[in-house]
Amino acid sequence: MSEWIDVGAETALAVGEHIVVDVDGLDVVVFKLEEGFYALEDVCTHDGAEIASGTIENDEIVCPRHGARFCIKTGQVKSAPAYENIEKFELKIELGRIMLKIIE
């Protein structure tokens, strides 16, 4: 079963900004890039720390702890010390709201 969850207004984020939302105990970071909105689980797969406070460089997020890099658009790991991708979530804009799809 899947469910769409409203996580905020489309206008709440400027390009290059992000928010972290709690979805039933799961932290999800929602990014706004030039190309649109993207959502990843807020966790570095290297050591389980949060990733949202990292630096955004183009379409990558750099882990603030050890420098692992991940593609914001896909969750794909781009550099060590991480070797596993971050879970990516589907988003859509509906009536000016950012909607996040959670699969249960």
# chains A, B, ... in the order shown; residues from 1 in each chain; ligands from 1
call {"tool": "residues_around", "arguments": {"residues": "Asp6 (chain A)", "least_positions_apart": "2", "cutoff": "8 Å", "atoms": "only C-alpha atoms", "output": "ChimeraX atom specification"}}
result
/A:4,8,97-100
call {"tool": "residues_around", "arguments": {"residues": "region 20-30 of chain A", "least_positions_apart": "4", "cutoff": "12 Å", "atoms": "only C-alpha atoms", "output": "JSON, numbers by chain"}}
result
{"A": [3, 4, 5, 6, 7, 8, 9, 10, 12, 13, 14, 15, 16, 36, 37, 38, 39, 40, 41, 42, 43, 44, 48, 49, 50, 51, 52, 53, 54, 61, 72, 73, 75, 86, 87, 88, 89, 90, 91, 92, 98, 99, 100, 101, 102, 103, 104]}
call {"tool": "atom_distance", "arguments": {"atom1": "CA of Phe70 (chain A)", "atom2": "CA of Asn85 (chain A)"}}
result
7.4 Å
call {"tool": "closest_residue", "arguments": {"among": "A:His18, A:Phe31, A:Pro81, A:Ser2", "to": "His66 (chain A)", "atoms": "only C-alpha atoms"}}
result
A:Pro81
call {"tool": "atom_distance", "arguments": {"atom1": "CA of Gln76 (chain A)", "atom2": "CA of Asp47 (chain A)"}}
result
15.9 Å
call {"tool": "closest_residue", "arguments": {"among": "A:Ala80, A:Asp59, A:Thr11, A:His46", "to": "Leu33 (chain A)", "atoms": "only C-alpha atoms"}}
result
A:Asp59
call {"tool": "select_by_dssp", "arguments": {"residues": "region 15-92 of chain A", "states": "strand (DSSP E or B)", "output": "JSON, numbers by chain"}}
result
{"A": [18, 19, 20, 21, 22, 23, 26, 27, 28, 29, 30, 31, 32, 33, 36, 37, 38, 39, 40, 41, 55, 56, 57, 60, 61, 62, 69, 70, 71, 77, 78, 79, 88, 89, 90, 91, 92]}
call {"tool": "closest_residue", "arguments": {"among": "A:Asn58, A:Ala82, A:Gly96, A:Ile19", "to": "Glu34 (chain A)", "atoms": "only C-alpha atoms"}}
result
A:Asn58
call {"tool": "atom_distance", "arguments": {"atom1": "CA of Val77 (chain A)", "atom2": "CA of Glu35 (chain A)"}}
result
19.7 Å
